[in-house]
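This is work.cif (mmCIF, C-alpha atoms).
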data_my_file
#
loop_
_atom_site.label_atom_id
_atom_site.label_comp_id
_atom_site.auth_asym_id
_atom_site.auth_seq_id
_atom_site.Cartn_x
_atom_site.Cartn_y
_atom_site.Cartn_z
CA MET X 865 45.92 -39.73 -40.09
CA ARG X 866 42.44 -39.27 -41.51
CA MET X 867 41.58 -36.75 -38.83
CA ARG X 868 44.66 -34.80 -39.85
CA THR X 869 43.64 -34.79 -43.51
CA LEU X 870 40.12 -33.68 -42.63
CA HIS X 871 41.55 -30.88 -40.56
CA ALA X 872 43.77 -29.96 -43.50
CA LEU X 873 40.74 -29.68 -45.76
CA ILE X 874 38.89 -27.54 -43.23
CA ALA X 875 41.94 -25.33 -42.79
CA ALA X 876 42.20 -25.00 -46.56
CA ALA X 877 38.57 -23.91 -46.74
CA VAL X 878 39.10 -21.30 -44.02
CA LEU X 879 42.26 -20.04 -45.71
CA SER X 880 40.43 -19.85 -49.01
CA ALA X 881 37.81 -17.59 -47.43
CA ILE X 882 40.49 -15.27 -46.10
CA ALA X 883 42.60 -15.28 -49.25
CA GLY X 884 39.63 -15.25 -51.61
CA ALA X 885 40.74 -18.38 -53.50
CA PRO X 886 39.10 -21.80 -53.85
CA ALA X 887 40.03 -24.23 -51.11
CA ALA X 888 41.34 -26.77 -53.61
CA VAL X 889 43.81 -24.18 -54.92
CA VAL X 890 45.03 -23.37 -51.42
CA ALA X 891 45.44 -27.05 -50.63
CA GLN X 892 47.40 -27.64 -53.84
CA ARG X 893 49.75 -24.80 -53.03
CA ALA X 894 50.44 -26.17 -49.57
CA GLU X 895 50.91 -29.86 -50.35
CA PRO X 896 49.53 -32.63 -52.59
CA LEU X 897 45.97 -33.68 -51.81
CA PRO X 898 45.91 -36.70 -49.44
CA GLU X 899 44.71 -39.96 -50.94
CA GLN X 900 41.68 -40.03 -48.63
CA LEU X 901 40.46 -36.72 -50.09
CA GLU X 902 40.89 -37.56 -53.75
CA GLY X 903 37.73 -36.87 -55.70
CA ILE X 904 36.57 -34.17 -53.30
CA GLY X 905 36.13 -30.67 -54.68
CA ILE X 906 34.07 -28.56 -57.04
CA THR X 907 34.04 -28.58 -60.83
CA GLU X 908 32.59 -25.28 -62.00
CA ARG X 909 29.81 -25.51 -64.56
CA PRO X 910 28.83 -21.91 -65.28
CA ASP X 911 25.52 -21.27 -67.02
CA GLU X 912 24.44 -24.91 -66.65
CA LYS X 913 20.83 -25.32 -65.62
CA ILE X 914 20.12 -27.49 -62.61
CA PRO X 915 17.27 -30.07 -62.80
CA LEU X 916 14.34 -28.14 -61.37
CA ASP X 917 11.95 -31.11 -61.24
CA LEU X 918 13.90 -32.82 -58.44
CA ALA X 919 11.64 -33.57 -55.44
CA PHE X 920 12.66 -32.89 -51.83
CA LYS X 921 10.91 -32.34 -48.51
CA ASP X 922 10.92 -28.96 -46.81
CA GLU X 923 11.38 -28.30 -43.10
CA ASP X 924 7.66 -28.99 -42.51
CA GLY X 925 7.77 -32.38 -44.24
CA ARG X 926 5.91 -31.21 -47.35
CA GLU X 927 7.05 -32.48 -50.73
CA VAL X 928 8.44 -29.69 -52.84
CA ARG X 929 10.31 -29.38 -56.10
CA LEU X 930 13.23 -27.12 -56.80
CA ARG X 931 11.07 -25.43 -59.40
CA ASP X 932 8.98 -23.98 -56.56
CA TYR X 933 11.86 -21.65 -55.69
CA PHE X 934 12.79 -20.64 -59.24
CA GLN X 935 9.88 -18.57 -60.49
CA GLY X 936 11.83 -16.36 -62.88
CA GLU X 937 11.78 -13.35 -60.56
CA ARG X 938 14.49 -13.69 -57.91
CA PRO X 939 18.01 -15.17 -57.92
CA VAL X 940 18.68 -18.08 -55.58
CA VAL X 941 21.57 -18.80 -53.22
CA LEU X 942 22.06 -22.57 -53.04
CA THR X 943 23.94 -24.08 -50.10
CA LEU X 944 24.84 -27.77 -49.95
CA VAL X 945 25.47 -28.90 -46.37
CA TYR X 946 24.41 -31.59 -43.94
CA TYR X 947 22.72 -30.54 -40.75
CA SER X 948 24.66 -32.79 -38.37
CA CYS X 949 28.02 -31.58 -39.69
CA PRO X 950 30.36 -30.94 -36.74
CA MET X 951 32.19 -27.95 -38.22
CA LEU X 952 32.49 -26.95 -41.89
CA CYS X 953 28.79 -26.75 -42.81
CA THR X 954 28.15 -24.63 -39.73
CA LEU X 955 30.92 -22.26 -40.82
CA VAL X 956 29.36 -21.99 -44.29
CA LEU X 957 25.90 -21.12 -42.97
CA ASN X 958 27.33 -18.78 -40.33
CA GLY X 959 29.35 -16.97 -42.99
CA LEU X 960 26.32 -16.59 -45.24
CA THR X 961 24.23 -15.28 -42.34
CA ASP X 962 26.89 -12.74 -41.40
CA ALA X 963 27.15 -11.50 -45.00
CA MET X 964 23.36 -11.15 -45.33
CA ARG X 965 23.19 -8.91 -42.26
CA ASP X 966 25.08 -6.24 -44.22
CA LEU X 967 22.79 -6.45 -47.25
CA PRO X 968 19.86 -4.06 -47.68
CA TRP X 969 17.88 -6.98 -49.11
CA GLU X 970 16.11 -9.89 -47.45
CA PRO X 971 15.36 -13.50 -48.43
CA GLY X 972 11.87 -13.77 -49.83
CA ASP X 973 11.90 -10.24 -51.22
CA GLN X 974 14.93 -9.77 -53.48
CA PHE X 975 16.34 -13.32 -53.45
CA GLU X 976 15.75 -16.86 -52.19
CA ILE X 977 17.98 -19.23 -50.23
CA VAL X 978 17.69 -22.99 -50.72
CA THR X 979 19.71 -25.05 -48.24
CA VAL X 980 19.82 -28.75 -49.14
CA SER X 981 21.22 -31.55 -46.99
CA PHE X 982 23.31 -34.02 -48.98
CA ASP X 983 22.89 -36.64 -46.24
CA PRO X 984 19.82 -38.76 -47.16
CA ARG X 985 19.50 -39.96 -43.56
CA GLU X 986 18.54 -36.52 -42.26
CA SER X 987 14.90 -35.69 -41.59
CA PRO X 988 12.65 -32.64 -42.03
CA SER X 989 12.47 -32.26 -38.22
CA LEU X 990 16.25 -31.72 -38.12
CA ALA X 991 15.95 -29.28 -41.00
CA ARG X 992 13.27 -27.36 -39.09
CA ILE X 993 15.54 -27.03 -36.04
CA LYS X 994 18.35 -25.73 -38.24
CA LYS X 995 16.05 -23.21 -39.86
CA GLN X 996 14.82 -21.92 -36.50
CA ASN X 997 18.40 -21.55 -35.27
CA TYR X 998 19.55 -19.59 -38.30
CA LEU X 999 16.51 -17.36 -38.47
CA GLN X 1000 17.13 -16.48 -34.83
CA MET X 1001 20.79 -15.79 -35.60
CA TYR X 1002 19.88 -13.70 -38.65
CA GLY X 1003 17.46 -11.60 -36.64
CA ARG X 1004 14.90 -10.79 -39.35
CA ALA X 1005 11.55 -12.36 -38.62
CA ASP X 1006 10.20 -12.30 -42.18
CA ALA X 1007 13.21 -14.09 -43.68
CA GLY X 1008 11.64 -17.49 -43.07
CA LYS X 1009 9.48 -17.12 -46.17
CA GLY X 1010 12.58 -16.97 -48.33
CA TRP X 1011 15.02 -19.36 -46.64
CA HIS X 1012 14.18 -23.01 -47.23
CA PHE X 1013 15.82 -26.04 -45.58
CA LEU X 1014 15.37 -29.26 -47.56
CA THR X 1015 16.09 -32.97 -47.19
CA GLY X 1016 15.84 -35.69 -49.81
CA GLN X 1017 16.68 -39.12 -51.15
CA GLN X 1018 20.07 -40.10 -52.50
CA ALA X 1019 19.02 -40.12 -56.18
CA GLU X 1020 17.77 -36.53 -56.05
CA ILE X 1021 20.73 -35.40 -53.95
CA SER X 1022 23.19 -36.92 -56.41
CA ALA X 1023 21.44 -35.33 -59.38
CA LEU X 1024 21.68 -31.89 -57.76
CA THR X 1025 25.29 -32.18 -56.56
CA ASP X 1026 26.36 -33.52 -59.96
CA ALA X 1027 24.65 -30.63 -61.72
CA VAL X 1028 26.64 -28.01 -59.78
CA GLY X 1029 29.87 -30.06 -59.77
CA PHE X 1030 29.94 -30.60 -55.99
CA ARG X 1031 31.91 -33.74 -55.06
CA TYR X 1032 32.02 -35.07 -51.50
CA LYS X 1033 32.89 -38.32 -49.75
CA TRP X 1034 31.80 -40.19 -46.62
CA ASP X 1035 34.60 -40.99 -44.18
CA GLU X 1036 33.61 -44.22 -42.47
CA GLU X 1037 36.25 -43.98 -39.78
CA GLN X 1038 35.37 -40.43 -38.73
CA GLN X 1039 31.65 -40.89 -39.43
CA GLN X 1040 31.37 -37.63 -41.29
CA PHE X 1041 31.47 -36.22 -44.81
CA ALA X 1042 34.53 -34.59 -46.32
CA HIS X 1043 33.65 -31.77 -48.71
CA GLN X 1044 34.63 -28.31 -49.87
CA ALA X 1045 33.11 -25.06 -48.62
CA ALA X 1046 31.23 -22.90 -51.11
CA ILE X 1047 27.90 -21.35 -51.93
CA PHE X 1048 26.28 -21.19 -55.36
CA VAL X 1049 24.39 -18.25 -56.84
CA LEU X 1050 21.83 -19.17 -59.48
CA THR X 1051 19.70 -17.17 -61.89
CA PRO X 1052 15.91 -16.93 -61.45
CA ASP X 1053 15.47 -19.66 -64.10
CA GLY X 1054 17.91 -22.07 -62.42
CA ARG X 1055 21.22 -21.54 -64.24
CA ILE X 1056 24.53 -21.44 -62.34
CA SER X 1057 25.82 -17.89 -62.27
CA ARG X 1058 28.57 -17.75 -59.63
CA TYR X 1059 30.57 -19.95 -57.26
CA ILE X 1060 31.71 -18.24 -54.05
CA TYR X 1061 34.26 -20.26 -52.11
CA GLY X 1062 35.26 -20.42 -48.47
CA VAL X 1063 33.39 -19.78 -45.24
CA LEU X 1064 33.67 -15.97 -45.09
CA TYR X 1065 31.65 -14.12 -47.71
CA GLU X 1066 32.24 -10.46 -48.43
CA PRO X 1067 28.86 -8.68 -48.46
CA ARG X 1068 29.79 -6.70 -51.57
CA THR X 1069 30.70 -9.90 -53.44
CA LEU X 1070 27.42 -11.52 -52.41
CA LYS X 1071 25.41 -8.46 -53.41
CA LEU X 1072 27.10 -8.06 -56.81
CA SER X 1073 26.71 -11.80 -57.45
CA LEU X 1074 22.98 -11.54 -56.77
CA LEU X 1075 22.73 -8.45 -58.98
CA GLU X 1076 24.53 -10.22 -61.78
CA ALA X 1077 22.43 -13.36 -61.45
CA SER X 1078 19.16 -11.41 -61.34
CA GLN X 1079 19.74 -10.01 -64.84
CA GLY X 1080 18.55 -6.59 -63.75
CA LYS X 1081 15.43 -7.84 -61.94
CA ILE X 1082 16.53 -6.67 -58.49
CA GLY X 1083 18.38 -3.61 -57.26
CA SER X 1084 18.11 0.07 -58.05
CA PRO X 1085 19.47 1.83 -61.17
CA LEU X 1086 22.43 2.90 -59.03
CA ASP X 1087 23.09 -0.75 -58.14
CA GLN X 1088 23.18 -1.61 -61.84
CA ILE X 1089 25.70 1.17 -62.45
CA VAL X 1090 27.87 -0.12 -59.61
CA LEU X 1091 27.71 -3.63 -61.08
CA TYR X 1092 28.77 -2.25 -64.47
CA CYS X 1093 31.83 -0.69 -62.85
CA TYR X 1094 33.01 -3.99 -61.34
CA HIS X 1095 34.04 -7.31 -62.83
CA TYR X 1096 34.47 -10.70 -61.18
CA ASP X 1097 38.08 -11.73 -60.63
CA PRO X 1098 38.25 -15.56 -60.40
CA LYS X 1099 41.76 -15.43 -58.94
CA SER X 1100 40.68 -13.45 -55.90
CA GLY X 1101 37.13 -14.81 -55.83
CA SER X 1102 35.67 -11.31 -55.57
CA TYR X 1103 34.62 -8.32 -57.66
CA ALA X 1104 37.21 -5.69 -58.52
CA PRO X 1105 36.85 -2.23 -60.10
CA ALA X 1106 36.94 -2.30 -63.89
CA ALA X 1107 39.25 0.60 -64.78
CA MET X 1108 38.12 0.87 -68.41
CA ARG X 1109 34.47 1.02 -67.41
CA PHE X 1110 35.22 3.71 -64.83
CA MET X 1111 36.99 5.68 -67.58
CA ARG X 1112 34.02 5.33 -69.92
CA ILE X 1113 31.58 6.52 -67.28
CA GLY X 1114 33.93 9.34 -66.33
CA GLY X 1115 34.25 10.36 -69.98
CA ALA X 1116 30.49 10.28 -70.46
CA LEU X 1117 29.94 12.42 -67.34
CA THR X 1118 32.60 14.88 -68.54
CA LEU X 1119 30.91 15.20 -71.93
CA ALA X 1120 27.56 15.69 -70.25
CA VAL X 1121 28.90 18.46 -67.98
CA VAL X 1122 30.65 20.19 -70.89
CA GLY X 1123 27.50 19.90 -72.99
CA VAL X 1124 25.38 21.50 -70.28
CA TRP X 1125 27.93 24.30 -69.82
CA LEU X 1126 28.15 25.01 -73.57
CA SER X 1127 24.36 25.03 -73.83
CA SER X 1128 24.09 27.59 -71.03
CA VAL X 1129 26.77 29.78 -72.64
CA TRP X 1130 25.03 29.62 -76.03
CA TYR X 1131 21.68 30.43 -74.43
CA ARG X 1132 23.01 33.48 -72.59
CA SER X 1133 24.82 34.70 -75.72
CA SER X 1134 21.73 34.35 -77.89
CA ARG X 1135 19.70 36.28 -75.35
CA ARG X 1136 22.16 39.18 -75.47
CA ARG X 1137 22.06 39.29 -79.31
CA GLN X 1138 18.28 39.55 -79.50
CA PRO X 1139 17.11 43.15 -80.49
CA ALA X 1140 15.25 45.10 -77.86
CA ALA X 1141 11.48 45.16 -78.27
CA PRO X 1142 10.09 48.48 -79.71
CA PRO X 1143 8.30 50.75 -77.22
CA ALA X 1144 4.55 50.43 -77.09
CA PRO X 1145 2.68 53.23 -79.02
CA GLU X 1146 1.13 55.97 -76.95
CA ASN X 1147 -2.65 56.36 -77.01
#
In structure tokens, what does this structure look like?
Amino acid sequence: MRMRTLHALIAAAVLSAIAGAPAAVVAQRAEPLPEQLEGIGITERPDEKIPLDLAFKDEDGREVRLRDYFQGERPVVLTLVYYSCPMLCTLVLNGLTDAMRDLPWEPGDQFEIVTVSFDPRESPSLARIKKQNYLQMYGRADAGKGWHFLTGQQAEISALTDAVGFRYKWDEEQQQFAHQAAIFVLTPDGRISRYIYGVLYEPRTLKLSLLEASQGKIGSPLDQIVLYCYHYDPKSGSYAPAAMRFMRIGGALTLAVVGVWLSSVWYRSSRRRQPAAPPAPEN
């Protein structure tokens, strides 16, 4: 029975990625949440700042603090997984890797990725293996400087998961964690900007989320214009065109074109009205 409920949660997460809705919503539409999965889910806390002084160990066993990855310059993608997860965590990291391949940006340059294990039993050596596997899958050699795989103690893990509203539960019978699938996009100073649910992440949604979280610190002027023309739709879990903003930009461009045309007409007309210059006197 518990295996069936775990499979139902995983199926809900996959469906949420396809449909663009949070897994909890999909599960509620299908049937009531099983008793074993009560308390599992995500409570969104937008604009809340995570505790940056929490200490973890990186994939090389060095003690680090979350503050090390929030230097006020680049947004951060936070993923909460556990490295020995048999299915769902792998799908989350695979989905993120696939989405990043279609971005013109790279971890360590325009943004950071912080992957934290919420299983306190896992070690830095396991984190290092996971990092090597995903860097190889990603295929960009320099990405290692911007993708960090961390492990930690239960107190620090709980403080971080509570801050972002991530609730999970250990299933003793199945010997695995039950949890929801999502990634979290944070601002360069550590505030929660966007929750992206599921295991399949649309590259455009990821890019616009990073643009929005960066507060104009990454991306070209054209990227900022594109972001202005889209708004986040929480029902679909993606960005959709903002019709009114398109109309404003279209109106401004129309006025600019008309203004240039009228200026050229006025200039040519004024040139025709100017009197001819008198002939030069003969010597």
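In this model, the gap between CA of Gly1016 in chain X and CA of Glu902 in chain X comes to 25.4 Å.
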Using only C-alpha atoms, which of the listed residues (X:His1012, X:Lys1071, X:Arg909, X:Lys994) sits closest to Lys921 in chain X?
-> X:His1012
May I ask which of the residues X:Asp917, X:Glu912, X:Glu1020, X:Glu937 is the closest one to Ser1078 in chain X, counting only C-alpha atoms?
-> X:Glu937
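The nearest approach to Arg938 in chain X among the residues X:Met951, X:Ile977, X:Val956, X:Ala1023, with only C-alpha atoms taken into account, belongs to X:Ile977.
Evaluated on this file, the PyMOL selection byres ((chain X and resi 920) around 8) matches Leu918, Ala919, Lys921, Asp922, Glu927, Val928, Arg929, Leu930, Leu1014, Thr1015, Gly1016, Gln1017 and Glu1020 of chain X.
This file, filtered with the PyMOL selection byres ((chain X and resi 992) around 9), gives the residues Asp922, Glu923, Asp924, Ser987, Pro988, Ser989, Leu990, Ala991, Ile993, Lys994, Lys995, Gln996, Asn997, Phe1013 and Leu1014 of chain X.
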Quick one: contact table of range 938-1023 of chain X to range 1033-1042 of chain X, 12 Å max, nearest atom pair and distance in Å to one decimal per residue, counting all atoms listed in the file, chain and number order, as CSV?
residue,atom,partner,partner_atom,distance
X:Leu944,CA,X:Phe1041,CA,11.9
X:Val945,CA,X:Phe1041,CA,9.6
X:Tyr946,CA,X:Phe1041,CA,8.5
X:Tyr947,CA,X:Phe1041,CA,11.2
X:Ser948,CA,X:Gln1040,CA,8.8
X:Cys949,CA,X:Gln1040,CA,7.1
X:Pro950,CA,X:Gln1040,CA,8.2
X:Met951,CA,X:Gln1040,CA,10.2
X:Leu952,CA,X:Ala1042,CA,9.1
X:Cys953,CA,X:Phe1041,CA,10.0
X:Ser981,CA,X:Phe1041,CA,11.5
X:Phe982,CA,X:Phe1041,CA,9.4
X:Asp983,CA,X:Phe1041,CA,8.7
X:Ser1022,CA,X:Lys1033,CA,11.8
Would you please work out which residue, of X:Val940, X:Val978, X:Ile914, X:Ile904, is nearest to Ala1027 in chain X when using all atoms listed in the file?
-> X:Ile914
